[in-house]
>>> print(open('protein20.txt').read())   # compact mmCIF, C-alpha atoms
# COMPACT_ATOMS: atom_id res chain seq x y z
CA MET A 1 -15.03 27.35 -53.87
CA ASN A 2 -15.59 26.06 -50.37
CA LEU A 3 -18.26 23.85 -48.87
CA THR A 4 -19.32 26.35 -46.26
CA SER A 5 -20.52 28.68 -49.00
CA LEU A 6 -22.87 25.90 -50.15
CA LEU A 7 -24.09 24.87 -46.71
CA LYS A 8 -27.29 26.46 -45.46
CA PRO A 9 -28.64 25.85 -41.93
CA GLU A 10 -32.09 24.99 -43.36
CA ARG A 11 -30.47 22.22 -45.40
CA ILE A 12 -28.87 20.54 -42.42
CA ASN A 13 -30.92 18.03 -40.46
CA LEU A 14 -29.00 16.60 -37.52
CA ASP A 15 -31.87 14.37 -36.49
CA LEU A 16 -32.87 12.18 -39.42
CA LYS A 17 -35.72 9.82 -38.57
CA GLY A 18 -35.47 7.23 -41.38
CA ARG A 19 -33.94 3.81 -40.68
CA LYS A 20 -33.81 2.59 -44.28
CA LYS A 21 -31.77 3.83 -47.23
CA ALA A 22 -34.79 4.98 -49.27
CA ASP A 23 -36.38 6.74 -46.27
CA VAL A 24 -33.24 8.66 -45.43
CA LEU A 25 -32.71 9.65 -49.07
CA LYS A 26 -36.29 10.89 -49.14
CA GLU A 27 -35.68 13.04 -46.06
CA MET A 28 -32.51 14.40 -47.62
CA VAL A 29 -34.17 15.18 -50.96
CA ALA A 30 -36.96 17.05 -49.17
CA MET A 31 -34.35 19.61 -48.08
CA VAL A 32 -33.46 20.51 -51.68
CA LYS A 33 -36.70 19.88 -53.57
CA THR A 34 -40.36 19.75 -52.73
CA GLY A 35 -43.40 18.84 -54.83
CA PRO A 36 -43.48 16.30 -57.66
CA GLY A 37 -39.80 16.91 -58.48
CA ALA A 38 -38.74 15.41 -55.15
CA GLU A 39 -39.84 11.93 -56.18
CA SER A 40 -37.95 12.29 -59.46
CA LEU A 41 -34.73 13.19 -57.63
CA LEU A 42 -35.20 10.24 -55.33
CA GLN A 43 -35.49 7.90 -58.33
CA THR A 44 -32.20 9.24 -59.73
CA LEU A 45 -30.41 8.76 -56.41
CA LEU A 46 -31.75 5.24 -56.03
CA LYS A 47 -30.56 4.38 -59.56
CA ARG A 48 -27.08 5.55 -58.55
CA GLU A 49 -27.21 3.37 -55.44
CA GLU A 50 -28.04 0.36 -57.64
CA LEU A 51 -24.56 0.65 -59.14
CA GLY A 52 -22.88 0.50 -55.76
CA SER A 53 -23.48 2.13 -52.43
CA THR A 54 -22.31 5.70 -51.92
CA GLY A 55 -21.54 4.75 -48.33
CA ILE A 56 -17.80 5.46 -48.14
CA GLY A 57 -17.36 3.84 -44.74
CA LYS A 58 -16.72 5.00 -41.17
CA GLY A 59 -20.33 6.07 -40.88
CA VAL A 60 -20.43 8.40 -43.87
CA ALA A 61 -22.42 8.29 -47.11
CA ILE A 62 -22.36 10.76 -50.00
CA PRO A 63 -25.43 10.18 -52.16
CA HIS A 64 -25.19 12.19 -55.37
CA GLY A 65 -26.50 12.68 -58.86
CA ARG A 66 -27.28 15.08 -61.64
CA SER A 67 -30.79 16.10 -62.53
CA LEU A 68 -32.64 18.26 -64.98
CA LEU A 69 -34.74 19.42 -62.04
CA ILE A 70 -31.79 21.12 -60.39
CA ASP A 71 -30.67 24.57 -61.55
CA LYS A 72 -27.48 24.88 -59.54
CA LEU A 73 -25.25 22.79 -57.33
CA GLU A 74 -27.13 21.86 -54.16
CA LEU A 75 -25.79 20.45 -50.93
CA ALA A 76 -27.69 19.05 -47.96
CA VAL A 77 -26.52 17.32 -44.80
CA GLY A 78 -28.26 14.81 -42.61
CA ARG A 79 -27.24 12.93 -39.49
CA SER A 80 -28.80 9.89 -37.93
CA THR A 81 -27.90 9.03 -34.36
CA LYS A 82 -29.10 5.44 -34.66
CA GLY A 83 -27.49 4.87 -38.05
CA VAL A 84 -28.83 3.49 -41.30
CA GLU A 85 -27.90 0.29 -43.14
CA PHE A 86 -26.46 1.72 -46.34
CA ASP A 87 -24.53 -1.26 -47.73
CA ALA A 88 -21.41 0.83 -47.09
CA ILE A 89 -17.93 -0.23 -48.13
CA ASP A 90 -17.12 -1.32 -44.55
CA LYS A 91 -20.61 -2.76 -43.98
CA LYS A 92 -21.12 -0.41 -41.03
CA PRO A 93 -24.25 1.74 -40.68
CA ALA A 94 -24.08 5.27 -42.02
CA HIS A 95 -24.69 8.19 -39.64
CA LEU A 96 -23.69 11.22 -41.68
CA PHE A 97 -25.08 11.96 -45.14
CA PHE A 98 -23.94 14.59 -47.59
CA LEU A 99 -26.35 14.91 -50.48
CA ILE A 100 -24.94 16.52 -53.61
CA MET A 101 -27.15 17.31 -56.59
CA ALA A 102 -26.14 19.17 -59.71
CA PRO A 103 -27.63 20.13 -63.07
CA PRO A 104 -26.77 17.85 -66.05
CA GLN A 105 -23.97 20.20 -67.01
CA ASP A 106 -22.32 22.61 -64.63
CA ARG A 107 -19.73 25.27 -65.26
CA GLY A 108 -16.19 24.11 -64.48
CA ASN A 109 -17.53 20.75 -63.34
CA GLN A 110 -18.02 22.04 -59.80
CA TYR A 111 -20.02 18.92 -59.07
CA LEU A 112 -17.05 16.54 -59.14
CA ILE A 113 -14.83 19.08 -57.38
CA THR A 114 -17.45 19.38 -54.61
CA LEU A 115 -17.72 15.60 -54.35
CA GLY A 116 -13.97 15.49 -53.84
CA ARG A 117 -14.00 18.20 -51.17
CA VAL A 118 -16.86 16.55 -49.32
CA ALA A 119 -14.97 13.24 -49.33
CA MET A 120 -11.88 15.00 -47.92
CA VAL A 121 -13.81 16.82 -45.20
CA CYS A 122 -15.61 13.60 -44.23
CA GLN A 123 -12.28 11.82 -43.95
CA GLU A 124 -11.07 14.47 -41.50
CA LEU A 125 -14.35 14.42 -39.64
CA THR A 126 -14.18 10.68 -39.04
CA LYS A 127 -10.44 10.73 -38.32
CA LYS A 128 -11.05 13.24 -35.55
CA LYS A 129 -14.20 11.41 -34.43
CA GLN A 130 -16.21 14.64 -34.58
CA LEU A 131 -19.27 13.23 -36.31
CA PHE A 132 -21.53 13.80 -33.34
CA ASP A 133 -19.91 16.93 -31.89
CA PRO A 134 -22.07 19.60 -33.55
CA LYS A 135 -25.40 20.13 -31.79
CA THR A 136 -26.81 22.69 -34.20
CA ALA A 137 -26.68 23.33 -37.96
CA GLU A 138 -24.59 26.45 -37.33
CA GLU A 139 -22.10 24.45 -35.26
CA PHE A 140 -21.91 21.90 -38.06
CA ILE A 141 -21.09 24.61 -40.63
CA GLY A 142 -18.47 25.98 -38.23
CA LEU A 143 -16.84 22.57 -37.92
CA VAL A 144 -16.78 22.07 -41.69
CA GLN A 145 -15.19 25.51 -42.01
CA THR A 146 -12.44 24.55 -39.53
CA LEU A 147 -11.77 21.26 -41.30
CA GLU A 148 -11.71 22.92 -44.71
CA ASP A 149 -9.25 25.53 -43.48
CA ALA A 150 -7.02 22.77 -42.14
CA ILE A 151 -6.89 20.83 -45.42
CA ARG A 152 -6.48 23.91 -47.62
CA MET B 1 -46.38 15.30 -67.43
CA THR B 2 -46.24 12.12 -69.45
CA SER B 3 -44.53 9.06 -68.04
CA LYS B 4 -42.64 8.75 -71.35
CA ILE B 5 -40.77 11.98 -70.69
CA GLU B 6 -40.16 10.94 -67.06
CA THR B 7 -38.60 7.67 -68.23
CA LEU B 8 -36.44 9.52 -70.77
CA ARG B 9 -35.38 11.99 -68.07
CA LEU B 10 -34.42 9.18 -65.71
CA LEU B 11 -32.55 7.40 -68.51
CA GLU B 12 -30.58 10.54 -69.30
CA GLU B 13 -29.78 11.12 -65.63
CA PHE B 14 -28.58 7.53 -65.37
CA ASP B 15 -26.38 8.09 -68.44
CA HIS B 16 -24.91 11.15 -66.70
CA ILE B 17 -24.08 8.98 -63.69
CA LEU B 18 -22.29 6.48 -65.95
CA ARG B 19 -20.47 9.27 -67.78
CA ASP B 20 -19.25 10.76 -64.48
CA ILE B 21 -18.16 7.38 -63.14
CA GLU B 22 -15.92 6.91 -66.19
CA THR B 23 -13.89 10.03 -65.41
CA GLU B 24 -10.54 9.93 -63.59
CA ASP B 25 -11.72 12.53 -61.06
CA TYR B 26 -14.62 10.33 -60.05
CA GLN B 27 -12.52 7.17 -59.92
CA ALA B 28 -10.15 8.93 -57.52
CA LEU B 29 -13.01 9.31 -55.03
CA GLY B 30 -12.99 5.57 -54.41
CA PHE B 31 -16.70 4.84 -54.31
CA LYS B 32 -17.59 1.20 -53.82
CA ASP B 33 -17.90 -1.12 -56.84
CA THR B 34 -17.48 1.56 -59.49
CA LYS B 35 -14.09 0.56 -60.87
CA PRO B 36 -14.39 -0.07 -64.62
CA SER B 37 -14.36 -3.86 -64.26
CA SER B 38 -16.31 -6.33 -66.36
CA GLU B 39 -18.64 -6.86 -63.37
CA PHE B 40 -19.37 -3.15 -63.20
CA ILE B 41 -20.01 -2.89 -66.94
CA LYS B 42 -22.37 -5.88 -66.72
CA LEU B 43 -24.25 -4.30 -63.79
CA ALA B 44 -24.45 -0.90 -65.51
CA GLU B 45 -25.83 -2.52 -68.67
CA LYS B 46 -28.38 -4.45 -66.62
CA GLU B 47 -29.54 -1.34 -64.76
CA ARG B 48 -29.69 0.69 -67.98
CA ALA B 49 -31.68 -2.07 -69.68
CA LYS B 50 -34.29 -1.81 -66.90
CA LEU B 51 -34.91 1.74 -68.08
CA THR B 52 -34.60 1.24 -71.84
CA ARG B 53 -37.14 -1.61 -71.70
CA LYS B 54 -39.73 0.98 -70.71
CA VAL B 55 -39.03 3.13 -73.78
CA ASP B 56 -40.60 2.60 -77.17
CA PRO B 57 -37.81 1.40 -79.58
CA ARG B 58 -38.44 4.27 -81.97
CA LEU B 59 -38.11 6.81 -79.13
CA LEU B 60 -35.04 5.05 -77.81
CA SER B 61 -33.31 5.27 -81.17
CA GLN B 62 -34.21 8.98 -81.30
CA TYR B 63 -32.78 9.35 -77.77
CA GLU B 64 -29.52 7.60 -78.70
CA ARG B 65 -29.20 9.68 -81.88
CA ILE B 66 -29.62 12.99 -80.01
CA MET B 67 -27.29 11.80 -77.23
CA LYS B 68 -24.59 11.06 -79.81
CA ARG B 69 -25.14 14.32 -81.64
CA TYR B 70 -25.22 16.70 -78.67
CA GLY B 71 -23.00 14.83 -76.23
CA GLY B 72 -25.38 14.31 -73.38
CA ARG B 73 -28.30 16.76 -73.40
CA VAL B 74 -31.35 14.94 -74.67
CA VAL B 75 -34.16 16.00 -72.35
CA VAL B 76 -34.21 19.74 -71.75
CA GLN B 77 -36.28 22.18 -69.78
CA VAL B 78 -38.58 24.61 -71.47
CA ILE B 79 -37.62 28.00 -70.10
CA ARG B 80 -40.21 30.71 -70.77
CA GLU B 81 -41.12 29.16 -74.14
CA PHE B 82 -37.48 28.70 -75.14
CA CYS B 83 -35.86 25.31 -75.73
CA GLY B 84 -33.33 24.75 -72.91
CA GLY B 85 -31.04 22.94 -75.36
CA CYS B 86 -30.70 25.18 -78.44
CA TYR B 87 -32.46 28.26 -76.98
CA ILE B 88 -34.75 28.73 -79.97
CA LYS B 89 -38.10 30.38 -79.23
CA LEU B 90 -40.75 27.69 -79.34
CA PRO B 91 -44.24 28.20 -80.74
CA SER B 92 -46.50 28.93 -77.73
CA GLU B 93 -48.77 26.03 -78.62
CA LEU B 94 -45.81 23.61 -78.59
CA ALA B 95 -44.42 25.01 -75.33
CA SER B 96 -47.81 24.50 -73.80
CA ARG B 97 -48.27 20.97 -75.19
CA CYS B 98 -45.09 19.73 -73.51
CA ARG B 99 -46.93 19.97 -70.18
CA THR B 100 -49.17 17.08 -71.15
CA GLU B 101 -47.49 15.15 -73.95
CA LEU B 102 -44.12 14.15 -75.32
CA VAL B 103 -42.88 16.76 -77.78
CA SER B 104 -39.53 17.53 -79.39
CA CYS B 105 -37.93 20.84 -80.21
CA PRO B 106 -38.55 21.54 -83.93
CA ASN B 107 -35.01 22.88 -84.24
CA CYS B 108 -32.69 20.50 -82.34
CA GLY B 109 -35.03 17.53 -81.80
CA ARG B 110 -34.39 17.35 -78.04
CA PHE B 111 -37.27 16.23 -75.87
CA LEU B 112 -38.95 19.11 -74.08
CA TYR B 113 -39.52 18.88 -70.34
CA TYR B 114 -41.79 21.19 -68.47
CA VAL B 115 -40.79 21.77 -64.86
CA LYS B 116 -43.75 22.62 -62.66
>>> encode(input="protein20.txt", output="C-alpha cells")
Amino acid sequence: MNLTSLLKPERINLDLKGRKKADVLKEMVAMVKTGPGAESLLQTLLKREELGSTGIGKGVAIPHGRSLLIDKLELAVGRSTKGVEFDAIDKKPAHLFFLIMAPPQDRGNQYLITLGRVAMVCQELTKKKQLFDPKTAEEFIGLVQTLEDAIR
Amino acid sequence: MTSKIETLRLLEEFDHILRDIETEDYQALGFKDTKPSSEFIKLAEKERAKLTRKVDPRLLSQYERIMKRYGGRVVVQVIREFCGGCYIKLPSELASRCRTELVSCPNCGRFLYYVK
C-alpha cells in the first residue's frame, strides 16, 4: 500500500480559504463527502480534535476519524498559504492538512497504517522544506511519490 | 433521519476514536495529548459524557450492551434491505422505517442507519 495510490488530484486543494480550524476541516470534508453526510463527518473530526489537536507541528496537521458514512479509506490533502491556528503541538499555524477517513472497521487496519505513512511522509516533507514546492495537485502527488520511495 | 440515531452514530464514532488511541500503533504516532494519562482519561470521559447526556438512559444501556457483545459495531448501515451488522434480510417495512425513526435489527439488535 502506498499513499500515491490513495491520492486523487480532485481531492487535493492547494489553496484552502478557511482561517479557522472548523472552516478548514469543512473544506477538507467537502472533498470526500457532500450532502448531509458532510456535516456528520465534520462533527466526528471536531470530536477528535476535542481530545487533542491533530496538528503534529512544523506546519502539518493530520485530522482523522472513522465513520459509518465512509465505505473505504479516503484521503484528502489541503494547503493553506496563510496558515491556520490549529492548536498544534508546537503552537505554530498549520499549512498542510492530510485528512484521513475510514469505515468503522477496515481490512488489515489500513487506517492506522496509512496514518503512520502520512506522518512519515510529512516528516520528510517538512525536513526538506518542500511544503510549498508543488504548484499543482499532480506535482504534489509526484512529490509524495518521491518521498515515499525514499523512505521505503 | 432521527437525531437519536445521529447521536448514537456520533457516540459510536467517538468510541472508535478512543479505541484507536489505546492501541500501540496509534500511540507511536505521537499525537498531542493522547498518552494514556489520568488527564487524558478525564478529558475523554468528559467528552464522552457530553454525548451520552443526549441519549435516553434506556437507549444508552442498549448501546453499551450491543457494544460489549459485538465489540464495536452498534450503529450499522442498511444495505439494500440487509442489516449491515449481521447481514440478515430485513422486512421491507422495517428497512423503510429506519429512514424516519430509530429502529433495531430484529436479529442482532443493532441500530439501523439509513445513508441517503
>>> interface_residues(input="protein20.txt", of="chain A", to="chain B", cutoff="8 Å", atoms="all atoms listed in the file", output="list of chain:residue names")
A:Ser40, A:Gln43, A:Thr44, A:Lys47, A:Arg48, A:Glu50, A:Leu51, A:Gly52, A:Ser53, A:Thr54, A:Gly55, A:Ile56, A:Gly65, A:Arg66, A:Ser67, A:Leu68, A:Leu69, A:Ala88, A:Ile89, A:Pro104, A:Leu112, A:Leu115, A:Gly116, A:Ala119
>>> residues_around(input="protein20.txt", residues="stretch 79-85 of chain B", least_positions_apart="2", cutoff="10 Å", atoms="all atoms listed in the file", output="PyMOL selection string")
chain B and resi 70+73-77+87-96+104-115
>>> closest_residue(input="protein20.txt", among="A:Arg107, A:Arg152, A:Lys72, A:Arg79", to="A:Val60", atoms="all atoms listed in the file")
A:Arg79
>>> residues_around(input="protein20.txt", residues="A:Lys58", least_positions_apart="2", cutoff="10 Å", atoms="all atoms listed in the file", output="PyMOL selection string")
chain A and resi 55-56+60-61+88-96+122-123+125-127+129+131
>>> atom_distance(input="protein20.txt", atom1="atom CA of A:Asp87", atom2="atom CA of A:Glu74")
24.1 Å
>>> closest_residue(input="protein20.txt", among="A:Leu6, A:Leu99, A:Val121, A:Ile141", to="A:Leu41", atoms="all atoms listed in the file")
A:Leu99
>>> atom_distance(input="protein20.txt", atom1="atom CA of A:Ala38", atom2="atom CA of A:Asp23")
12.6 Å
>>> closest_residue(input="protein20.txt", among="A:Gln105, A:Thr114, A:Thr34, A:Thr81", to="A:Asp133", atoms="all atoms listed in the file")
A:Thr81
>>> closest_residue(input="protein20.txt", among="B:Lys42, B:Lys35, B:Lys54, B:Arg69", to="B:Ile5", atoms="all atoms listed in the file")
B:Lys54
